[in-house]
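Q: To be precise about what I am sending: the file is called query_9.txt and holds compact mmCIF, C-alpha atoms.
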```
# COMPACT_ATOMS: atom_id res chain seq x y z
CA MET A 6 -71.43 37.95 152.43
CA SER A 7 -74.70 36.10 153.10
CA TYR A 8 -78.05 37.72 152.37
CA GLY A 9 -78.80 37.67 156.10
CA HIS A 10 -75.65 39.57 157.02
CA ARG A 11 -76.28 42.15 154.31
CA LEU A 12 -79.82 42.68 155.58
CA PHE A 13 -78.85 43.18 159.21
CA PHE A 14 -76.19 45.76 158.37
CA HIS A 15 -78.39 47.76 156.00
CA ARG A 16 -78.49 51.39 157.16
CA ASP A 17 -82.06 52.41 156.29
CA ILE A 18 -83.84 50.27 158.86
CA TYR A 19 -87.44 51.18 157.96
CA ASN A 20 -87.12 51.05 154.16
CA LEU A 21 -89.11 47.86 153.60
CA LYS A 22 -89.88 48.60 149.96
CA ASN A 23 -86.26 48.80 148.79
CA THR A 24 -85.17 45.77 150.83
CA GLU A 25 -87.97 43.35 149.86
CA ALA A 26 -85.77 41.27 147.55
CA LEU A 27 -82.95 41.17 150.12
CA PHE A 28 -85.34 40.11 152.88
CA LEU A 29 -86.87 37.39 150.69
CA HIS A 30 -83.46 35.95 149.78
CA ALA A 31 -82.40 36.09 153.44
CA ILE A 32 -85.53 34.22 154.58
CA LEU A 33 -85.13 31.48 151.97
CA GLU A 34 -81.44 31.18 152.84
CA ASN A 35 -82.33 30.94 156.53
CA ILE A 36 -85.03 28.30 156.10
CA LYS A 37 -82.72 26.11 154.02
CA HIS A 38 -80.00 26.43 156.66
CA HIS A 39 -82.37 25.23 159.39
CA MET A 40 -83.79 22.42 157.24
CA ASP A 41 -80.24 21.18 156.64
CA ASN A 42 -79.13 21.49 160.27
CA CYS A 43 -82.22 20.84 162.41
CA PRO A 44 -83.98 17.53 161.61
CA ASP A 45 -86.94 18.37 163.86
CA TYR A 46 -87.54 21.62 162.01
CA ALA A 47 -87.25 19.90 158.65
CA ARG A 48 -89.77 17.33 159.86
CA ILE A 49 -92.24 20.02 160.94
CA LEU A 50 -92.03 21.69 157.52
CA SER A 51 -92.42 18.33 155.78
CA GLN A 52 -95.49 17.46 157.84
CA GLN A 53 -96.98 20.82 156.87
CA ILE A 54 -96.23 19.92 153.23
CA PHE A 55 -94.15 23.06 152.89
CA SER A 56 -91.61 23.61 150.12
CA LEU A 57 -89.25 26.53 149.58
CA LYS A 58 -90.68 26.77 146.06
CA GLU A 59 -93.92 28.09 147.58
CA VAL A 60 -92.20 31.33 148.61
CA GLU A 61 -91.58 33.16 145.34
CA THR A 62 -92.41 36.71 146.41
CA ILE A 63 -92.59 38.70 149.63
CA GLY A 64 -96.35 38.16 149.53
CA ASP A 65 -95.79 34.42 150.00
CA ILE A 66 -94.01 34.52 153.35
CA HIS A 67 -97.28 33.89 155.18
CA LYS A 68 -96.99 30.33 153.82
CA ILE A 69 -93.99 29.62 156.03
CA PRO A 70 -95.25 27.39 158.89
CA ALA A 71 -95.30 29.35 162.15
CA ILE A 72 -94.06 27.64 165.32
CA PRO A 73 -96.00 28.71 168.43
CA THR A 74 -94.07 30.03 171.42
CA LEU A 75 -96.06 27.53 173.50
CA PHE A 76 -94.35 24.74 171.56
CA LEU A 77 -90.92 26.34 172.01
CA LYS A 78 -91.46 26.47 175.76
CA ASN A 79 -91.69 22.68 175.74
CA HIS A 80 -89.20 21.76 172.99
CA THR A 81 -85.78 23.29 172.33
CA LEU A 82 -84.68 23.18 168.70
CA TYR A 83 -81.08 23.77 167.64
CA SER A 84 -79.48 24.26 164.24
CA ALA A 85 -75.97 24.54 165.63
CA LYS A 86 -73.78 22.32 167.77
CA GLN A 87 -73.64 23.12 171.48
CA LYS A 88 -69.94 24.01 171.33
CA LYS A 89 -70.75 26.80 168.85
CA LEU A 90 -73.36 28.47 171.09
CA MET A 91 -71.95 31.63 172.62
CA PHE A 92 -74.82 33.17 174.54
CA LYS A 93 -77.92 31.71 176.17
CA SER A 94 -80.96 33.32 177.77
CA THR A 95 -84.49 32.36 178.74
CA THR A 96 -87.91 33.94 179.10
CA SER A 97 -88.98 35.07 182.56
CA GLY A 98 -91.25 32.05 182.95
CA THR A 99 -94.28 33.99 184.18
CA SER A 100 -96.53 31.33 182.62
CA GLY A 101 -94.67 28.48 184.33
CA LYS A 102 -92.69 27.48 181.22
CA VAL A 103 -89.59 29.07 179.72
CA SER A 104 -88.20 29.33 176.21
CA GLU A 105 -84.47 29.23 175.60
CA MET A 106 -82.62 31.36 173.09
CA ALA A 107 -79.01 30.62 172.18
CA LEU A 108 -76.83 32.58 169.77
CA ASP A 109 -73.97 31.31 167.64
CA LEU A 110 -71.40 33.64 166.07
CA SER A 111 -73.51 34.32 162.96
CA SER A 112 -76.66 35.14 164.96
CA SER A 113 -74.66 37.37 167.31
CA TRP A 114 -73.15 39.27 164.39
CA ARG A 115 -76.58 39.91 162.90
CA GLY A 116 -77.89 40.94 166.30
CA LEU A 117 -75.06 43.46 166.61
CA GLY A 118 -75.96 44.97 163.24
CA MET A 119 -79.61 45.25 164.28
CA ILE A 120 -78.79 46.86 167.63
CA LEU A 121 -76.44 49.41 166.06
CA GLY A 122 -78.96 50.31 163.35
CA THR A 123 -81.89 50.47 165.75
CA PHE A 124 -80.16 52.41 168.52
CA PHE A 125 -78.57 55.00 166.23
CA THR A 126 -81.72 55.46 164.14
CA ASN A 127 -83.83 55.95 167.26
CA ARG A 128 -81.19 58.13 168.92
CA ILE A 129 -80.75 55.88 171.91
CA VAL A 130 -76.96 56.16 171.76
CA SER A 131 -75.45 59.11 173.64
CA LEU A 132 -71.96 60.17 174.74
CA HIS A 133 -73.38 62.08 177.72
CA PRO A 134 -72.50 60.47 181.11
CA THR A 135 -75.67 58.95 182.54
CA ASN A 136 -77.05 57.42 185.72
CA TYR A 137 -79.30 54.37 185.49
CA ILE A 138 -82.34 53.04 187.34
CA VAL A 139 -82.94 49.43 186.32
CA LEU A 140 -86.40 48.31 187.40
CA GLY A 141 -85.50 44.65 187.49
CA TYR A 142 -82.88 42.16 188.60
CA GLN A 143 -79.24 42.98 189.17
CA PRO A 144 -77.30 40.71 186.77
CA SER A 145 -75.67 37.60 188.18
CA LYS A 146 -74.17 34.45 186.68
CA ARG A 147 -77.05 32.31 187.93
CA ASN A 148 -79.73 34.49 186.33
CA LYS A 149 -80.31 33.44 182.69
CA ILE A 150 -83.42 35.56 182.00
CA GLY A 151 -83.08 37.37 178.70
CA ALA A 152 -84.73 40.58 179.92
CA VAL A 153 -82.09 40.91 182.65
CA LYS A 154 -79.25 40.65 180.17
CA THR A 155 -80.95 42.98 177.70
CA ALA A 156 -81.52 45.65 180.35
CA TYR A 157 -77.88 45.50 181.44
CA ALA A 158 -76.60 45.62 177.84
CA THR A 159 -78.76 48.68 177.18
CA THR A 160 -76.95 50.58 179.94
CA TYR A 161 -73.98 50.76 177.57
CA ALA A 162 -75.90 52.94 175.09
CA ALA A 163 -74.67 55.90 177.13
CA PRO A 164 -71.65 55.99 179.51
CA GLY A 165 -72.87 54.67 182.86
CA ILE A 166 -71.80 56.60 185.96
CA HIS A 167 -73.91 54.57 188.38
CA ARG A 168 -76.51 51.79 188.17
CA GLU A 169 -79.16 51.17 190.82
CA TYR A 170 -81.28 48.02 190.63
CA ALA A 171 -84.78 47.49 192.00
CA LEU A 172 -83.88 43.89 192.87
CA LYS A 173 -80.41 43.60 194.35
CA ASP A 174 -78.39 40.40 194.34
CA THR A 175 -77.31 39.26 197.81
CA GLY A 176 -75.28 36.36 196.45
CA THR A 177 -77.94 33.82 197.35
CA ASP A 178 -81.18 35.67 196.67
CA TYR A 179 -82.70 38.96 195.53
CA ILE A 180 -84.11 41.65 197.80
CA LEU A 181 -86.36 44.60 196.97
CA ASN A 182 -84.31 47.79 196.92
CA MET A 183 -86.97 50.52 196.93
CA ASP A 184 -85.19 52.71 199.47
CA GLY A 185 -82.01 52.41 197.43
CA ILE A 186 -83.90 53.51 194.30
CA LYS A 187 -85.42 56.55 196.03
CA ASN A 188 -82.10 57.62 197.56
CA ALA A 189 -80.35 57.15 194.21
CA LEU A 190 -82.92 59.33 192.45
CA LEU A 191 -82.43 62.12 194.97
CA ARG A 192 -78.66 61.94 194.35
CA TYR A 193 -79.13 61.80 190.60
CA GLU A 194 -81.30 64.92 190.65
CA LYS A 195 -78.59 66.85 192.49
CA SER A 196 -75.84 65.56 190.17
CA GLY A 197 -77.35 67.36 187.18
CA LEU A 198 -76.69 64.37 184.90
CA PRO A 199 -79.31 62.58 182.76
CA VAL A 200 -81.05 59.54 184.21
CA ARG A 201 -82.21 56.52 182.26
CA PHE A 202 -84.92 54.19 183.55
CA MET A 203 -85.34 50.67 182.19
CA GLY A 204 -87.96 48.08 183.03
CA PHE A 205 -91.52 46.84 182.67
CA PRO A 206 -94.30 49.45 182.50
CA ALA A 207 -95.88 47.96 185.63
CA TYR A 208 -92.65 48.32 187.60
CA PHE A 209 -92.30 51.91 186.45
CA MET A 210 -95.86 52.67 187.56
CA PHE A 211 -95.20 51.08 190.96
CA LEU A 212 -92.11 53.26 191.34
CA LEU A 213 -94.09 56.40 190.49
CA LYS A 214 -96.75 55.49 193.06
CA GLU A 215 -94.08 54.86 195.68
CA LEU A 216 -92.54 58.27 194.99
CA ILE A 217 -95.96 59.95 195.17
CA ASP A 218 -96.78 58.17 198.45
CA SER A 219 -93.40 59.25 199.84
CA GLY A 220 -94.01 62.87 198.87
CA ILE A 221 -91.06 62.87 196.47
CA LYS A 222 -91.33 65.07 193.36
CA LEU A 223 -88.26 65.33 191.13
CA ARG A 224 -87.16 67.42 188.19
CA LEU A 225 -84.62 65.30 186.38
CA HIS A 226 -82.29 66.41 183.59
CA SER A 227 -84.20 67.19 180.39
CA LYS A 228 -82.13 64.63 178.44
CA SER A 229 -83.20 61.84 180.77
CA LEU A 230 -84.91 58.88 179.11
CA ILE A 231 -87.39 56.22 180.17
CA LEU A 232 -87.15 52.89 178.31
CA LEU A 233 -90.04 50.51 178.90
CA ALA A 234 -90.47 46.98 177.58
CA GLY A 235 -92.22 43.68 178.18
CA GLY A 236 -95.83 44.69 178.67
CA TRP A 237 -97.72 44.26 181.92
CA LYS A 238 -97.33 40.46 182.23
CA ASN A 239 -98.86 39.21 185.50
CA PHE A 240 -99.89 42.76 186.43
CA PHE A 241 -102.48 43.13 183.68
CA THR A 242 -105.17 43.94 186.28
CA GLU A 243 -103.06 46.96 187.31
CA GLU A 244 -102.61 48.22 183.75
CA VAL A 245 -103.30 51.87 183.08
CA ASP A 246 -103.58 53.70 179.79
CA LYS A 247 -100.09 54.61 178.53
CA PHE A 248 -100.93 58.29 178.37
CA THR A 249 -102.06 58.19 182.01
CA LEU A 250 -98.69 56.67 182.85
CA TYR A 251 -96.90 59.37 180.85
CA GLU A 252 -98.79 62.08 182.74
CA MET A 253 -97.84 60.47 186.09
CA SER A 254 -94.21 60.50 184.97
CA LYS A 255 -94.33 64.15 183.94
CA GLU A 256 -95.86 65.16 187.25
CA THR A 257 -93.47 63.09 189.39
CA LEU A 258 -90.18 63.16 187.45
CA GLY A 259 -90.61 66.07 185.05
CA LEU A 260 -90.39 63.62 182.13
CA GLY A 261 -93.40 63.39 179.83
CA GLY A 262 -94.28 61.21 176.85
CA ASP A 263 -91.61 62.80 174.65
CA ARG A 264 -88.94 61.32 176.97
CA ILE A 265 -90.52 57.87 177.18
CA ARG A 266 -89.71 55.15 174.65
CA GLU A 267 -91.17 51.66 174.60
CA PHE A 268 -89.89 48.64 172.80
CA PHE A 269 -91.32 45.25 172.06
CA GLY A 270 -89.50 41.95 171.60
CA ALA A 271 -89.46 38.29 172.57
CA VAL A 272 -86.81 35.71 173.42
CA GLU A 273 -88.19 33.58 170.59
CA HIS A 274 -87.96 36.56 168.22
CA PRO A 275 -85.03 38.75 169.30
CA ILE A 276 -85.85 41.72 167.09
CA ALA A 277 -86.12 45.10 168.81
CA TYR A 278 -89.23 47.09 167.87
CA PHE A 279 -88.82 50.65 169.16
CA ASP A 280 -91.79 52.94 169.18
CA CYS A 281 -91.79 56.11 167.10
CA PRO A 282 -92.45 59.62 168.52
CA ASN A 283 -96.17 58.78 168.25
CA HIS A 284 -95.55 55.58 170.26
CA HIS A 285 -96.22 53.12 167.41
CA PHE A 286 -94.19 49.96 166.75
CA HIS A 287 -93.17 50.26 163.09
CA VAL A 288 -91.81 47.13 161.41
CA PRO A 289 -88.06 47.32 160.63
CA ILE A 290 -86.38 45.70 157.62
CA TYR A 291 -85.17 42.83 159.82
CA SER A 292 -88.63 41.29 160.09
CA ARG A 293 -92.13 41.01 158.76
CA VAL A 294 -95.29 40.93 160.86
CA ILE A 295 -98.45 39.01 160.00
CA ILE A 296 -101.71 39.10 161.94
CA ARG A 297 -103.63 35.81 161.72
CA ASP A 298 -107.10 34.68 162.70
CA LEU A 299 -107.68 31.53 164.77
CA ASN A 300 -107.62 29.49 161.55
CA MET A 301 -104.13 30.88 160.85
CA ARG A 302 -105.32 32.92 157.87
CA PRO A 303 -103.73 36.39 157.45
CA VAL A 304 -106.10 39.27 158.13
CA SER A 305 -106.14 42.79 156.72
CA TYR A 306 -105.12 46.10 158.27
CA GLY A 307 -107.35 47.07 161.14
CA GLU A 308 -108.47 43.51 161.94
CA PRO A 309 -107.30 42.02 165.25
CA GLY A 310 -105.67 38.61 165.38
CA ILE A 311 -102.70 36.63 166.65
CA LEU A 312 -99.25 38.14 166.17
CA ASN A 313 -96.92 36.15 163.86
CA LEU A 314 -93.32 37.37 163.68
CA ILE A 315 -90.89 36.43 160.89
CA THR A 316 -87.13 37.05 160.72
CA PRO A 317 -83.97 35.48 159.27
CA MET A 318 -81.82 36.62 162.20
CA MET A 319 -81.22 33.31 163.96
CA THR A 320 -78.88 30.70 162.52
CA SER A 321 -78.50 28.81 165.80
CA MET A 322 -82.21 28.02 166.31
CA PRO A 323 -85.10 27.79 163.80
CA PHE A 324 -86.99 30.87 164.95
CA VAL A 325 -87.85 31.87 161.39
CA SER A 326 -91.61 32.23 161.86
CA VAL A 327 -92.94 32.37 165.42
CA MET A 328 -96.57 32.53 166.52
CA THR A 329 -96.86 34.52 169.73
CA ASP A 330 -99.71 34.54 172.24
CA ASP A 331 -100.22 38.27 171.69
CA LEU A 332 -103.39 39.74 170.22
CA ALA A 333 -102.52 42.59 167.86
CA VAL A 334 -103.67 44.71 164.94
CA MET A 335 -101.68 46.15 162.01
CA HIS A 336 -101.99 49.62 160.51
CA PRO A 337 -100.49 51.12 157.33
CA GLY A 338 -97.48 53.35 157.91
CA GLU A 339 -99.14 56.42 156.43
CA LYS A 340 -101.71 56.35 159.21
CA CYS A 341 -98.95 57.53 161.57
CA ALA A 342 -97.72 61.09 161.15
CA CYS A 343 -94.16 60.37 162.33
CA GLY A 344 -92.83 60.02 158.78
CA ILE A 345 -91.85 56.33 158.93
CA SER A 346 -93.39 54.55 155.94
CA SER A 347 -93.38 50.97 157.23
CA PRO A 348 -96.58 49.56 158.77
CA TYR A 349 -96.95 49.40 162.52
CA PHE A 350 -98.67 47.05 164.95
CA GLU A 351 -100.53 47.62 168.17
CA ILE A 352 -100.56 45.05 170.99
CA LEU A 353 -104.11 44.56 172.28
CA GLY A 354 -103.50 41.89 174.91
CA ARG A 355 -102.83 38.20 175.35
CA VAL A 356 -104.63 35.36 173.57
CA GLY A 357 -106.16 32.61 175.70
CA LEU A 358 -104.22 29.34 175.93
CA ALA A 359 -107.03 27.41 174.27
CA ASP A 360 -106.76 29.62 171.19
CA ILE A 361 -103.17 28.59 170.44
CA LYS A 362 -103.21 25.11 171.92
CA THR A 363 -104.12 23.29 168.71
CA CYS A 364 -101.28 24.58 166.51
CA ALA A 365 -98.76 23.93 169.30
CA ALA A 366 -100.08 20.43 169.82
CA ASN A 367 -99.76 19.69 166.11
CA ALA A 368 -96.08 20.56 166.20
CA SER A 369 -95.55 18.50 169.37
CA GLU A 370 -97.10 15.47 167.76
CA LEU A 371 -94.40 15.52 165.10
CA LEU A 372 -91.67 15.12 167.68
CA ASP A 373 -93.66 12.45 169.53
CA ILE A 374 -93.98 10.49 166.29
CA LYS A 375 -90.27 10.81 165.70
CA LYS A 376 -89.43 9.51 169.15
CA ALA A 377 -91.69 6.53 168.54
CA GLY A 378 -89.65 5.75 165.42
CA THR A 379 -92.51 6.02 162.97
CA VAL A 380 -91.19 8.93 160.94
```
Can the structure in the file be given as structure tokens, please?
A:
Amino acid sequence: MSYGHRLFFHRDIYNLKNTEALFLHAILENIKHHMDNCPDYARILSQQIFSLKEVETIGDIHKIPAIPTLFLKNHTLYSAKQKKLMFKSTTSGTSGKVSEMALDLSSSWRGLGMILGTFFTNRIVSLHPTNYIVLGYQPSKRNKIGAVKTAYATTYAAPGIHREYALKDTGTDYILNMDGIKNALLRYEKSGLPVRFMGFPAYFMFLLKELIDSGIKLRLHSKSLILLAGGWKNFFTEEVDKFTLYEMSKETLGLGGDRIREFFGAVEHPIAYFDCPNHHFHVPIYSRVIIRDLNMRPVSYGEPGILNLITPMMTSMPFVSVMTDDLAVMHPGEKCACGISSPYFEILGRVGLADIKTCAANASELLDIKKAGTV
């Protein structure tokens, strides 16, 4: 079994210390695979004068060249043949550009191991019949957005009795289904079964405001769960403090912060970061997180910078080290009282386009040179 497969089926998902050697071997194995199967990726590493010999310990992984998500929104890199790609999804395209993520069999297998480990560890899996409110698009064959597929897949973590979508598919378009959501919630309350909400924090807040304006106050089953992901995106001007949102939820639905879980992820880095009971995103064994300054130098705990995510999950695309456009800060695990020892990161906001433009442009130039036949 490959190092990568062993890593993604390891049971203790927050034990970074005892899996350092396994993670290091998996990363080196993954980089070599992409260098051998993706000429563009090999060219980027060569231009950065990077060699696998530079990564001797876990402390050296910051030397792996990071590819900005801005670059990936303009260039699609594959390390597998098209006929071996099983599953494709894209970002939502809120910035005007989309990134594509495609899984081959190996990547899918690792993803399954991660989902099983993450969901069971964080007690997301339940055998209790459940109703669902999905604050997003109803799935359809023409919709390739990753968040839509992820939300639908998550409804299988507990047996689904009924699913109501905020945006219903008419066959040719999507329509807002707010009345359907409100009526469904009234039925769900009477049914006595748990309810699970899934969607962006902004959408959840808009739902709460709609319920308040409509004079609807519910007391849902105590085992109900609210799963939020994706940040505030284009609604950043509407953003409220998370604890304010939790209080709104408790007042309107009877579900406070102890029944709200958030997770962070990206199409270009399909690792699920679930928050702990103290609402912190601890780093699982499947990845490592580096915070960098604008000169790409790693910074220490407590210092804000650009979020760099590293994982050996993908064998179909060279998403080994990805530079996001998120501003974040890292903290040592012991600073959180939840008992998880791995460090955690806090998302502070988005970095301006100008701040990440240079490193993306550098990568683009490599492909331009190749096309001109000078490499």
Q: Can you measure atom CA of Arg264 of chain A to atom CA of Leu121 of chain A for me? One decimal in Å is fine.
A: 20.4 Å
Q: Mind giving me the straight-line distance from atom CA of Asp45 of chain A to atom CA of Phe13 of chain A in Å, one decimal?
A: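 Going from atom CA of Asp45 of chain A over to atom CA of Phe13 of chain A covers 26.5 Å.
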Q: Taking (-69.0, 57.8, 183.0) in the file's coordinates as the center, which residues reach within 9 Å of it, counting all atoms listed in the file, put as a list in words?
A: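 Output: His133, Pro134, Thr135, Asn136, Ala163, Pro164, Gly165, Ile166 and His167 of chain A.
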Q: Starting from 4 Å padding per side, set up an axis-aligned box that covers all listed atoms of segment 8-21 of chain A and hand over centre and edge lengths in Å, one decimal, as AutoDock Vina command-line options.
A:
```
--center_x -82.4 --center_y 45.0 --center_z 155.8 --size_x 21.5 --size_y 22.7 --size_z 14.8
```
Q: For each of A:Pro144, A:Pro303, A:Pro73, A:Pro289, take the minimum atom-to-atom distance to Gly338 of chain A, counting all atoms listed in the file, then give the residue where this is smallest.
A: A:Pro289
Q: Using only C-alpha atoms, find all polymer residues with an atom at most 9 Å away from the point (-85.2, 45.4, 168.8); report them as a list in words.
A: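 Residues lying no farther than 9 Å from the given point: Gly116, Met119, Ile120, Thr123, Phe124, Phe268, Phe269, Gly270, Pro275, Ile276, Ala277, Tyr278, Phe279 and Pro289 of chain A.
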Q: Since we have the selection now, will you write its residues out, keeping C-alpha atoms, as a short mmCIF file (atom, residue, chain, number, x, y, z; two decimals), in the coordinates of the input?
A:
```
data_model
loop_
_atom_site.label_atom_id
_atom_site.label_comp_id
_atom_site.auth_asym_id
_atom_site.auth_seq_id
_atom_site.Cartn_x
_atom_site.Cartn_y
_atom_site.Cartn_z
CA GLY A 116 -77.89 40.94 166.30
CA MET A 119 -79.61 45.25 164.28
CA ILE A 120 -78.79 46.86 167.63
CA THR A 123 -81.89 50.47 165.75
CA PHE A 124 -80.16 52.41 168.52
CA PHE A 268 -89.89 48.64 172.80
CA PHE A 269 -91.32 45.25 172.06
CA GLY A 270 -89.50 41.95 171.60
CA PRO A 275 -85.03 38.75 169.30
CA ILE A 276 -85.85 41.72 167.09
CA ALA A 277 -86.12 45.10 168.81
CA TYR A 278 -89.23 47.09 167.87
CA PHE A 279 -88.82 50.65 169.16
CA PRO A 289 -88.06 47.32 160.63
#
```
Q: In Å, how far is it from atom CA of Leu75 of chain A to atom CA of Ala47 of chain A?
A: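 Here the two named atoms are 18.9 Å from each other.
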Q: I'd like to know which of A:Leu57, A:Ile296, A:Ile290, A:Leu233 is closest to Pro317 of chain A, using only C-alpha atoms.
A: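 Among the listed residues, the smallest separation from Pro317 of chain A belongs to A:Ile290.
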Q: Neighbouring residues of segment 169-182 of chain A were defined as those with any atom within 8 Å, considering all atoms listed in the file; residues of the same chain fewer than 6 positions away were excluded. Please report them as a list in words.
A: Tyr137, Ile138, Val139, Leu140, Gly141, Tyr142, Gln143, Pro144, Ser145 and Ala189 of chain A
Q: Give me the residues within 10 Å of His287 of chain A as a PDB file with C-alpha atoms, in the coordinates of the input, counting only C-alpha atoms and dropping any in the same chain fewer than 5 places off.
A:
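The result, written out as part13.pdb:
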```pdb
ATOM      1  CA  TYR A  19     -87.440  51.180 157.960  1.00  0.00           C
ATOM      2  CA  TYR A 278     -89.230  47.090 167.870  1.00  0.00           C
ATOM      3  CA  PHE A 279     -88.820  50.650 169.160  1.00  0.00           C
ATOM      4  CA  ASP A 280     -91.790  52.940 169.180  1.00  0.00           C
ATOM      5  CA  CYS A 281     -91.790  56.110 167.100  1.00  0.00           C
ATOM      6  CA  VAL A 294     -95.290  40.930 160.860  1.00  0.00           C
ATOM      7  CA  MET A 335    -101.680  46.150 162.010  1.00  0.00           C
ATOM      8  CA  HIS A 336    -101.990  49.620 160.510  1.00  0.00           C
ATOM      9  CA  PRO A 337    -100.490  51.120 157.330  1.00  0.00           C
ATOM     10  CA  GLY A 338     -97.480  53.350 157.910  1.00  0.00           C
ATOM     11  CA  CYS A 341     -98.950  57.530 161.570  1.00  0.00           C
ATOM     12  CA  ILE A 345     -91.850  56.330 158.930  1.00  0.00           C
ATOM     13  CA  SER A 346     -93.390  54.550 155.940  1.00  0.00           C
ATOM     14  CA  SER A 347     -93.380  50.970 157.230  1.00  0.00           C
ATOM     15  CA  PRO A 348     -96.580  49.560 158.770  1.00  0.00           C
ATOM     16  CA  TYR A 349     -96.950  49.400 162.520  1.00  0.00           C
ATOM     17  CA  PHE A 350     -98.670  47.050 164.950  1.00  0.00           C
ATOM     18  CA  GLU A 351    -100.530  47.620 168.170  1.00  0.00           C
TER      19      GLU A 351
END
```
Q: In terms of the shortest atom-to-atom distance over all atoms listed in the file, which of A:Gln52, A:Ser305, A:Ser104, A:Ser219 is closest to Phe76 of chain A?
A: A:Ser104
Q: From the set A:Ser84, A:Ser94, A:Ser254, A:Ser113, which residue has the shortest atom-to-atom contact distance to Ser321 of chain A, counting only C-alpha atoms?
A: A:Ser84
Q: Can you take the partial segment 284-289 of chain A, add all heavy atoms, and return it as a PDB file, keeping the file's coordinate frame?
A:
```
ATOM      1  N   HIS A 284     -95.426  56.800 169.451  1.00  0.00           N
ATOM      2  CA  HIS A 284     -95.550  55.580 170.260  1.00  0.00           C
ATOM      3  C   HIS A 284     -96.193  54.425 169.494  1.00  0.00           C
ATOM      4  O   HIS A 284     -97.024  53.691 170.030  1.00  0.00           O
ATOM      5  CB  HIS A 284     -96.304  55.877 171.559  1.00  0.00           C
ATOM      6  CG  HIS A 284     -95.642  56.930 172.390  1.00  0.00           C
ATOM      7  ND1 HIS A 284     -94.436  56.737 173.022  1.00  0.00           N
ATOM      8  CD2 HIS A 284     -96.000  58.221 172.647  1.00  0.00           C
ATOM      9  CE1 HIS A 284     -94.076  57.848 173.662  1.00  0.00           C
ATOM     10  NE2 HIS A 284     -95.007  58.763 173.437  1.00  0.00           N
ATOM     11  N   HIS A 285     -95.781  54.248 168.237  1.00  0.00           N
ATOM     12  CA  HIS A 285     -96.220  53.120 167.410  1.00  0.00           C
ATOM     13  C   HIS A 285     -95.028  52.230 167.080  1.00  0.00           C
ATOM     14  O   HIS A 285     -93.934  52.727 166.811  1.00  0.00           O
ATOM     15  CB  HIS A 285     -96.866  53.618 166.117  1.00  0.00           C
ATOM     16  CG  HIS A 285     -98.135  54.377 166.314  1.00  0.00           C
ATOM     17  ND1 HIS A 285     -98.491  55.457 165.527  1.00  0.00           N
ATOM     18  CD2 HIS A 285     -99.139  54.218 167.212  1.00  0.00           C
ATOM     19  CE1 HIS A 285     -99.664  55.930 165.922  1.00  0.00           C
ATOM     20  NE2 HIS A 285    -100.073  55.201 166.958  1.00  0.00           N
ATOM     21  N   PHE A 286     -95.248  50.917 167.066  1.00  0.00           N
ATOM     22  CA  PHE A 286     -94.190  49.960 166.750  1.00  0.00           C
ATOM     23  C   PHE A 286     -94.153  49.707 165.240  1.00  0.00           C
ATOM     24  O   PHE A 286     -94.845  48.840 164.717  1.00  0.00           O
ATOM     25  CB  PHE A 286     -94.410  48.643 167.488  1.00  0.00           C
ATOM     26  CG  PHE A 286     -94.315  48.747 168.985  1.00  0.00           C
ATOM     27  CD1 PHE A 286     -95.395  48.403 169.782  1.00  0.00           C
ATOM     28  CD2 PHE A 286     -93.146  49.172 169.600  1.00  0.00           C
ATOM     29  CE1 PHE A 286     -95.322  48.487 171.164  1.00  0.00           C
ATOM     30  CE2 PHE A 286     -93.064  49.267 170.985  1.00  0.00           C
ATOM     31  CZ  PHE A 286     -94.146  48.922 171.766  1.00  0.00           C
ATOM     32  N   HIS A 287     -93.322  50.460 164.534  1.00  0.00           N
ATOM     33  CA  HIS A 287     -93.170  50.260 163.090  1.00  0.00           C
ATOM     34  C   HIS A 287     -92.270  49.046 162.833  1.00  0.00           C
ATOM     35  O   HIS A 287     -91.338  48.770 163.596  1.00  0.00           O
ATOM     36  CB  HIS A 287     -92.569  51.500 162.443  1.00  0.00           C
ATOM     37  CG  HIS A 287     -93.502  52.665 162.408  1.00  0.00           C
ATOM     38  ND1 HIS A 287     -94.311  52.944 161.325  1.00  0.00           N
ATOM     39  CD2 HIS A 287     -93.774  53.628 163.330  1.00  0.00           C
ATOM     40  CE1 HIS A 287     -95.029  54.027 161.572  1.00  0.00           C
ATOM     41  NE2 HIS A 287     -94.717  54.471 162.793  1.00  0.00           N
ATOM     42  N   VAL A 288     -92.546  48.343 161.748  1.00  0.00           N
ATOM     43  CA  VAL A 288     -91.810  47.130 161.410  1.00  0.00           C
ATOM     44  C   VAL A 288     -90.490  47.490 160.730  1.00  0.00           C
ATOM     45  O   VAL A 288     -90.488  48.193 159.713  1.00  0.00           O
ATOM     46  CB  VAL A 288     -92.638  46.227 160.478  1.00  0.00           C
ATOM     47  CG1 VAL A 288     -91.859  44.954 160.130  1.00  0.00           C
ATOM     48  CG2 VAL A 288     -93.977  45.874 161.122  1.00  0.00           C
ATOM     49  N   PRO A 289     -89.350  47.037 161.269  1.00  0.00           N
ATOM     50  CA  PRO A 289     -88.060  47.320 160.630  1.00  0.00           C
ATOM     51  C   PRO A 289     -87.769  46.318 159.514  1.00  0.00           C
ATOM     52  O   PRO A 289     -88.480  45.317 159.363  1.00  0.00           O
ATOM     53  CB  PRO A 289     -87.071  47.142 161.794  1.00  0.00           C
ATOM     54  CG  PRO A 289     -87.700  46.068 162.633  1.00  0.00           C
ATOM     55  CD  PRO A 289     -89.189  46.310 162.548  1.00  0.00           C
TER      56      PRO A 289
END
```
